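> Next up is a structure, given as structure tokens.
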Amino acid sequence: MSFFLHNLCRQRAVCRAVCRAALVPLLAGVVALLTGCGSAARTASAPVKTADGAEAMETCVLTADEQARYDALFFEAIRYKERGDNAEAYELLRTALAIDPTAPEALFEMGQILVTYAAYGDTATYQRGLDCMRQAALRDSFHTDISEQLAACYARSGAYDRAIDIYRHLTAHRPKPAMLIKMAGIQEQATDYTGAIASIEQYEALQGRDENTSLVKFRLYSRMNDYSRAYAAIEDLYTENPDNLAYRVLLGDLYMQNGCKEMALAVYHDVLAVQPDNAEAQLSLAEYYRHEGPDSLYHVALRRVVHNDIIGTADKANALLRLAQRQPETAADSTLFMQLCAYALAKRQTEPDIAIVYFAYLKASGADDMRLARAGEKVLEADPEDDATRLQTLLTYYHHERYHEVVRLCRDGCLYSPDDIVYPHLLSITYTMLDSLDAAEAVLAEATGRLSDDDDPDVASEMLCNYADLIHKKGRREEAYALYDRALEYNPDNVLCLNNYAYFLSQDGLHLDRAAEMSMRTIEAEPGNAVYLDTYAWILYLKKDYAGARKYIDMALHDLPETAENATIFGHAGDIYYRCSQRQEALKQWVKALSLTTDAKERRELQRKVRTRRP
């Protein structure tokens, strides 16, 4: 509920009492906002000066009927805004402001909508929103919330001076501690460190000094390079909180920053003498030795950091990263890095920081694929939503034919990223490699059933093509052809789909002209691809264009390796040569194909051809 609704009636009674004789035009932004909306004659007061020197008008006089219509529109706008319908709320507020262009509550709500929903780079709309909120702040005498939200908008847009002026006006007579803290924060953003310290001291005068304000003053003095006062702030903190050794470590860090290295070292040793496992002191001491040496002491200090269960993963990872980045890196540094990572990663990872540093180090140092994959598994252990690492890791396993690991990672990917079709696509391919065709079909049926226009068209097309290949292999031709058509809708230039579709049509003796057209497109895309050349040659053979078939099979056979994968091409060559009256060459190709093929059905057919010396 808008905070205006609580005191709207009381605000109206006071605001209406101060109206005067003539309406003065509003700011240009508000006028532009209300362009096209009619407005009855009004009366208004003379201008009044505001905190930032601007002039503003007091509230207009409305008739009872106008007041009722305005109130109904305003309350309806708030209802829509609270339901999240800002477009309708905007229109209702626009109509309400046509009745009373000076109503602070409507100006404020309108300003919030414009500022919040201005498109990126739409500075005009954003400025109109600020103008509306500024007018609301100038006219409202009961709510400082409006002014504070306006100040926050100014600060977000970088207009720090305006934001600070508002807070100075708000705190001039009745300073509130929370406002002083906010003003100090904006002054620090504006690099007005002196002003920020003055605001903090004004806060302390009201509330008394506490740890937080002392730390803020320490930070501000440090940024001002006023180290004597920064030292004093930390000394005061430690004196008032002698059990909090973190403040002593802060003092040591300040000494270190300013070149007082021996004094810093003494502070760290003092803290560790009292509390040997103090995390802050161990981290600072390791950083000290990283710069000052010797390496042996740095290594000892770093071991203590990584072995300290109190120190968080992020701090440990940062310390390891700095060790990895030392220039030039020594063999001892590298050995220590690997030892410390092994120690840290032996435990179950709940945060990915150390695993990420380790993974990046291995990648930069050219580690072998499987070592990288194991490091990737550690990253995923802590951050199972890291898709980039999962994909890299499962592809490494795939290239090394570790298909069961690929299946596991793909299944995880389907769970953590259910809308990403890459995982079911890779999972179906892997199941096919494992000869688990029913499992592959189940994955493809589910995944292709929920494809949409938002999915990557290339991946969607490949997945549908794979599904079609599988279905055709199972003898369901019509289903397969429908899937090929869907695949080509997603990507009309999918050459693998065009080739397979054309080849299966030719095998089934269907639509040979369409098959030839699709096959020719694959050759135009990849003119040296022997498989695509063989497909086109075979389609021409079935069309009884033996001379054309001979031309393309010769191109396919050029430098073709004699492998099992190419046995079918050599077999096709034998049939084509036979029809071109090259009987001896045909027999030679059939014998070669027979020596290469591993398919039992194809072997029987080739044996028949060799025995009978005819197709």
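Just so we're on the same page: first chain in the structure tokens is A, next is B, and so on; residues restart at 1 for each chain, and ligands are numbered from 1 in the order they show up.
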Give me the residues near Pro177 of chain A as a list in words, where near means some atom within 8 Å (using only C-alpha atoms) and where sequence neighbours in that chain fewer than 3 positions away do not count.
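Non-adjacent residues within range: Leu180, Ile181, Tyr203, Leu206 and Gln207 of chain A.
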> Take the residues that were just selected and, keeping C-alpha atoms, output them as a short mmCIF file (atom, residue, chain, number, x, y, z; two decimals), in the first residue's frame.

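Result file again03.cif:
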```cif
data_model
loop_
_atom_site.label_atom_id
_atom_site.label_comp_id
_atom_site.auth_asym_id
_atom_site.auth_seq_id
_atom_site.Cartn_x
_atom_site.Cartn_y
_atom_site.Cartn_z
CA LEU A 180 22.99 11.20 8.27
CA ILE A 181 24.34 7.73 7.47
CA TYR A 203 25.66 11.01 13.72
CA LEU A 206 23.37 11.98 18.36
CA GLN A 207 23.98 8.24 18.83
#
```
> Could you name the residues that touch Glu82 of chain A at 12 Å or less, counting only C-alpha atoms, but leaving out those on the same chain fewer than 4 positions away, as number ranges by chain?
A: 1-2, 75-78, 86-89, 109, 113
> Need the shell around His472 of chain A: protein/DNA/RNA residues with any atom at most 12 Å away, counting only C-alpha atoms. Skip same-chain ones fewer than 4 positions apart. Format as JSON, numbers by chain?
{"A": [441, 465, 466, 467, 468, 476, 477, 478, 479, 480, 481, 482, 483, 484, 500, 501, 503, 504, 505, 507, 508]}
> So that I can see what lies close to Ala155 of chain A, please list as a VMD selection string the residues with an atom at most 12 Å from it, counting only C-alpha atoms and leaving out residues fewer than 2 positions away in the same chain.
chain A and resid 130 148 to 153 157 to 167 182 to 183 185 to 190
> Show me, as a PyMOL selection string, the residues that have an atom within 12 Å of Glu524 of chain A when counting only C-alpha atoms, minus same-chain residues fewer than 6 positions from it.
chain A and resi 493+495+498-499+517-518+532-533+536
> Between atom CA of Ala373 of chain A and atom CA of His400 of chain A, what is the spacing in Å?
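Distance reported for this atom pair: 10.7 Å.
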> Fewer than 3 positions away in the same chain doesn't count, so skip those; otherwise give me all residues within 7 Å of Met224 of chain A, counting only C-alpha atoms, as a list in words.
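That gives Tyr193, Leu220 and Tyr221 of chain A.
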> Would you mind writing down, as a ChimeraX atom specification, each residue of segment 71-161 of chain A that DSSP on the backbone assigns to helix (DSSP H, G or I)?
/A:71-82,86-99,104-117,123-139,144-156,160-161
